[in-house]
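Engineer: Structure incoming, see below.
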Amino acid sequence: MSNVKLAVIFYSTYSTNFQMAKIAAEAAKAAGADVRLLRVAETAPEAAVNSQDGWKATVAATADIPVATPEDMEWANAYLFSAPTRFGQAPSQLRAFIDTLGGKWSTGALANKAVTAMTSAANPHGGQEATLLGLYTTFMHWGSVIVAPGFTDAAVAAAGGNPYGYSHTQGKEFGEAETAAITHQAKRLVSIAAKLAA
């Protein structure tokens, strides 16, 4: 039995990162991890959400998924974050959640835990790498252990070749290549997390 307790935390506007998080969560479970699939609370005004059908539909589709809390972060010994890019950075909703973690950070509760991240944008060069690197800067402040996929499996190159973490172009289908890359990243995270927790 695995000793990995993984929090898969996502923010999704048009369901892309929700789908990515579900694929990752299933892969991690298959690898033996105890997984919590968690969403970041929506902070945008209801009027803004309701003004776009896709956004409104995603909020409805994810309503039953628990909202991530600082306590989930303490429970987990591994993290996988998935969120879209906003002007080359993580969206404000995810940053707002991260800003609640000062108390856990100050006690060392986020340190020495494996972490990885995924993202998406409307086009292949929409700030994905910058978003992932920005998140990794935060994780370094936590003292977490970054587990990027690198080019450790052919699936990474087949899905576009982002060694920092899987990145998806919004609107593109999740075919075999995309699913394989996400699965590899999740399983690699579980493998490294298991070694850290041993």
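Labeling convention for the structure tokens: chains A, B, ... as they appear, residues from 1 per chain, ligands from 1 in order of appearance.
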Please identify every residue of range 115-165 of chain A that has at least one atom no farther than 9 Å from an atom of range 55-78 of chain A, counting only C-alpha atoms, and for each give the shortest atom pair and the distance in Å to one decimal, arranged by chain then increasing number, as JSON lines.

Structural biologist:
{"residue": "A:Val115", "atom": "CA", "partner": "A:Ala78", "partner_atom": "CA", "distance": 5.7}
{"residue": "A:Thr116", "atom": "CA", "partner": "A:Ala78", "partner_atom": "CA", "distance": 8.6}
{"residue": "A:Ser144", "atom": "CA", "partner": "A:Ala78", "partner_atom": "CA", "distance": 8.9}

Engineer: Within 10 Å of Gln19 in chain A, counting only C-alpha atoms, which residues show up once you throw out same-chain ones fewer than 3 positions away? Write them as a tab-separated table (two decimals) with N, CA, C and O atoms, in the first residue's frame, please.

Structural biologist:
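That gives us out-v6.tsv:
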chain	number	residue	atom	x	y	z
A	10	PHE	N	-7.27	22.08	-8.18
A	10	PHE	CA	-7.43	22.72	-9.48
A	10	PHE	C	-8.31	23.96	-9.39
A	10	PHE	O	-9.16	24.08	-8.51
A	12	SER	N	-10.55	25.92	-12.48
A	12	SER	CA	-10.91	25.77	-13.89
A	12	SER	C	-12.04	26.71	-14.25
A	12	SER	O	-13.05	26.79	-13.54
A	14	TYR	N	-13.19	27.01	-17.80
A	14	TYR	CA	-13.98	26.39	-18.87
A	14	TYR	C	-13.82	24.88	-18.92
A	14	TYR	O	-13.93	24.27	-19.96
A	15	SER	N	-13.49	24.28	-17.80
A	15	SER	CA	-13.42	22.84	-17.55
A	15	SER	C	-12.13	22.17	-17.99
A	15	SER	O	-11.91	21.00	-17.67
A	16	THR	N	-11.25	22.87	-18.69
A	16	THR	CA	-10.01	22.23	-19.15
A	16	THR	C	-9.18	21.70	-17.99
A	16	THR	O	-8.77	20.53	-17.97
A	22	LYS	N	-8.84	15.56	-13.13
A	22	LYS	CA	-9.47	14.24	-13.02
A	22	LYS	C	-8.59	13.14	-13.59
A	22	LYS	O	-8.47	12.06	-12.99
A	23	ILE	N	-7.96	13.40	-14.73
A	23	ILE	CA	-7.05	12.41	-15.32
A	23	ILE	C	-5.89	12.15	-14.36
A	23	ILE	O	-5.51	10.99	-14.12
A	24	ALA	N	-5.32	13.21	-13.79
A	24	ALA	CA	-4.20	13.06	-12.87
A	24	ALA	C	-4.62	12.31	-11.61
A	24	ALA	O	-3.88	11.45	-11.12
A	25	ALA	N	-5.78	12.62	-11.09
A	25	ALA	CA	-6.26	11.96	-9.86
A	25	ALA	C	-6.45	10.47	-10.09
A	25	ALA	O	-6.07	9.65	-9.24
A	82	SER	N	-3.35	22.33	-10.76
A	82	SER	CA	-3.69	22.53	-12.17
A	82	SER	C	-4.57	23.77	-12.28
A	82	SER	O	-5.63	23.85	-11.65
A	174	PHE	N	-8.70	15.78	-25.36
A	174	PHE	CA	-7.77	15.01	-24.55
A	174	PHE	C	-7.68	13.62	-25.16
A	174	PHE	O	-8.46	12.72	-24.84
A	179	THR	N	-3.47	12.44	-22.49
A	179	THR	CA	-3.75	11.63	-21.30
A	179	THR	C	-2.49	10.94	-20.80
A	179	THR	O	-2.24	10.87	-19.59

Engineer: What's the separation between CA of Ala197 in chain A and CA of Arg36 in chain A, in Å to one decimal place?

Structural biologist: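 Answer for the CA of Ala197 in chain A to CA of Arg36 in chain A separation: 17.4 Å.
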
Engineer: Record the distance separating CA of Tyr164 in chain A and CA of Ala122 in chain A, expressed in Å with one decimal.

Structural biologist: 18.2 Å

Engineer: Please provide the set of residues having any atom within 6 Å of Gln185 in chain A, restricted to only C-alpha atoms, with same-chain residues fewer than 3 positions apart removed, written as a PyMOL selection string.

Structural biologist: chain A and resi 149+182+188

Engineer: For the residues selected in the previous step, produce a file with C-alpha atoms as a short mmCIF file (atom, residue, chain, number, x, y, z; two decimals), in the first residue's frame.

Structural biologist:
data_model
loop_
_atom_site.label_atom_id
_atom_site.label_comp_id
_atom_site.auth_asym_id
_atom_site.auth_seq_id
_atom_site.Cartn_x
_atom_site.Cartn_y
_atom_site.Cartn_z
CA PRO A 149 8.16 15.74 -15.56
CA ILE A 182 -0.73 13.80 -17.58
CA ARG A 188 6.12 10.31 -11.36
#

Engineer: Among chain A, which ones does DSSP place in helix (DSSP H, G or I), written as a ChimeraX atom specification?

Structural biologist: /A:16-30,46-50,53-61,70-75,92-98,102-106,128-142,154-158,176-197

Engineer: Excluding Ala41 in chain A and any residue of its chain fewer than 2 positions from it, enumerate the residues within 7 Å of it, using only C-alpha atoms, and give them as a list in words.

Structural biologist: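 Residues near the query, excluding close chain neighbours: Arg39, Thr43, Val67 and Gln93 of chain A.
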
Engineer: What does the distance from CA of Ala28 in chain A to CA of Phe81 in chain A come to in Å, to one decimal?

Structural biologist: 13.2 Å

Engineer: Which one is closest to Phe151 in chain A: A:Pro163, A:Ala48, A:Thr137, A:Ala130? Count only C-alpha atoms.

Structural biologist: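 Ranking A:Pro163, A:Ala48, A:Thr137, A:Ala130 by distance to Phe151 in chain A, first place goes to A:Pro163.
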
Engineer: Would you kindly return, as a count of residues only, each protein, DNA or RNA residue with an atom no farther than 10 Å from any atom of Ala111 in chain A, considering only C-alpha atoms and excluding same-chain residues fewer than 5 positions away?

Structural biologist: 12

Engineer: When you look at Leu189 in chain A with a cut-off of 7 Å (counting only C-alpha atoms), what residues show up, excluding the ones that are within fewer than 2 positions of it in the same chain? I need them as a PDB file with C-alpha atoms, in the first residue's frame.

Structural biologist:
ATOM      1  CA  ALA A 114       6.610  16.613  -3.455  1.00  0.00           C
ATOM      2  CA  THR A 116       4.105  19.451  -9.444  1.00  0.00           C
ATOM      3  CA  VAL A 147       8.827  17.136  -9.291  1.00  0.00           C
ATOM      4  CA  GLN A 185       3.439  13.346 -14.540  1.00  0.00           C
ATOM      5  CA  ALA A 186       1.009  12.161 -11.849  1.00  0.00           C
ATOM      6  CA  LYS A 187       2.656   8.757 -11.496  1.00  0.00           C
ATOM      7  CA  SER A 191       6.774   7.692  -7.089  1.00  0.00           C
ATOM      8  CA  ILE A 192       8.970  10.522  -5.796  1.00  0.00           C
ATOM      9  CA  ALA A 193       6.534  11.353  -2.980  1.00  0.00           C
TER      10      ALA A 193
END

Engineer: Env of Leu132 in chain A: 8 Å cut, atoms = only C-alpha atoms, seq-sep filter 4 positions within chain, self excluded. Answer as a JSON list (two decimals) with all heavy atoms, in the first residue's frame.

Structural biologist:
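Saved result, part_21.json, follows:
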[["chain", "number", "residue", "atom", "x", "y", "z"],
["A", 89, "GLN", "N", 0.63, 34.25, -15.59],
["A", 89, "GLN", "CA", 0.68, 33.94, -14.16],
["A", 89, "GLN", "C", -0.51, 33.05, -13.78],
["A", 89, "GLN", "O", -1.46, 32.92, -14.55],
["A", 89, "GLN", "CB", 0.62, 35.23, -13.32],
["A", 89, "GLN", "CG", 1.78, 36.16, -13.55],
["A", 89, "GLN", "CD", 3.09, 35.60, -13.05],
["A", 89, "GLN", "OE1", 3.14, 34.86, -12.07],
["A", 89, "GLN", "NE2", 4.19, 35.94, -13.73],
["A", 90, "ALA", "N", -0.46, 32.47, -12.59],
["A", 90, "ALA", "CA", -1.59, 31.70, -12.10],
["A", 90, "ALA", "C", -2.78, 32.64, -11.88],
["A", 90, "ALA", "O", -2.59, 33.82, -11.57],
["A", 90, "ALA", "CB", -1.23, 31.00, -10.80],
["A", 117, "ALA", "N", 2.96, 20.80, -11.12],
["A", 117, "ALA", "CA", 1.88, 21.66, -11.59],
["A", 117, "ALA", "C", 1.64, 21.48, -13.08],
["A", 117, "ALA", "O", 2.53, 21.08, -13.84],
["A", 117, "ALA", "CB", 2.19, 23.12, -11.29],
["A", 118, "MET", "N", 0.40, 21.77, -13.49],
["A", 118, "MET", "CA", -0.02, 21.74, -14.89],
["A", 118, "MET", "C", -0.80, 23.02, -15.17],
["A", 118, "MET", "O", -1.29, 23.68, -14.25],
["A", 118, "MET", "CB", -0.94, 20.54, -15.15],
["A", 118, "MET", "CG", -0.35, 19.20, -14.75],
["A", 118, "MET", "SD", -1.41, 17.78, -15.18],
["A", 118, "MET", "CE", -2.88, 18.13, -14.19],
["A", 119, "THR", "N", -0.92, 23.36, -16.46],
["A", 119, "THR", "CA", -1.62, 24.58, -16.81],
["A", 119, "THR", "C", -2.23, 24.47, -18.20],
["A", 119, "THR", "O", -2.08, 23.47, -18.89],
["A", 119, "THR", "CB", -0.68, 25.80, -16.71],
["A", 119, "THR", "OG1", -1.43, 27.02, -16.80],
["A", 119, "THR", "CG2", 0.37, 25.79, -17.82],
["A", 128, "GLN", "N", 2.17, 29.49, -20.68],
["A", 128, "GLN", "CA", 2.15, 28.27, -19.87],
["A", 128, "GLN", "C", 3.44, 28.09, -19.06],
["A", 128, "GLN", "O", 3.38, 27.81, -17.86],
["A", 128, "GLN", "CB", 1.94, 27.03, -20.76],
["A", 128, "GLN", "CG", 0.56, 26.92, -21.36],
["A", 128, "GLN", "CD", 0.54, 27.46, -22.79],
["A", 128, "GLN", "OE1", 1.22, 28.43, -23.10],
["A", 128, "GLN", "NE2", -0.25, 26.84, -23.64],
["A", 136, "TYR", "N", 6.27, 27.37, -9.29],
["A", 136, "TYR", "CA", 7.41, 26.68, -8.69],
["A", 136, "TYR", "C", 8.21, 27.61, -7.78],
["A", 136, "TYR", "O", 8.79, 27.17, -6.79],
["A", 136, "TYR", "CB", 8.29, 26.07, -9.78],
["A", 136, "TYR", "CG", 7.66, 24.89, -10.48],
["A", 136, "TYR", "CD1", 8.14, 24.44, -11.71],
["A", 136, "TYR", "CD2", 6.57, 24.20, -9.94],
["A", 136, "TYR", "CE1", 7.56, 23.36, -12.36],
["A", 136, "TYR", "CE2", 5.98, 23.13, -10.58],
["A", 136, "TYR", "CZ", 6.49, 22.70, -11.80],
["A", 136, "TYR", "OH", 5.91, 21.63, -12.43],
["A", 164, "TYR", "N", 8.41, 21.38, -17.81],
["A", 164, "TYR", "CA", 8.05, 21.98, -16.52],
["A", 164, "TYR", "C", 6.76, 21.39, -15.96],
["A", 164, "TYR", "O", 6.53, 21.40, -14.75],
["A", 164, "TYR", "CB", 7.91, 23.50, -16.67],
["A", 164, "TYR", "CG", 9.11, 24.14, -17.31],
["A", 164, "TYR", "CD1", 9.06, 24.60, -18.62],
["A", 164, "TYR", "CD2", 10.31, 24.26, -16.61],
["A", 164, "TYR", "CE1", 10.17, 25.17, -19.21],
["A", 164, "TYR", "CE2", 11.42, 24.82, -17.20],
["A", 164, "TYR", "CZ", 11.35, 25.28, -18.51],
["A", 164, "TYR", "OH", 12.45, 25.84, -19.10],
["A", 165, "GLY", "N", 5.91, 20.92, -16.85],
["A", 165, "GLY", "CA", 4.62, 20.36, -16.46],
["A", 165, "GLY", "C", 3.71, 20.32, -17.66],
["A", 165, "GLY", "O", 3.91, 21.09, -18.62]]
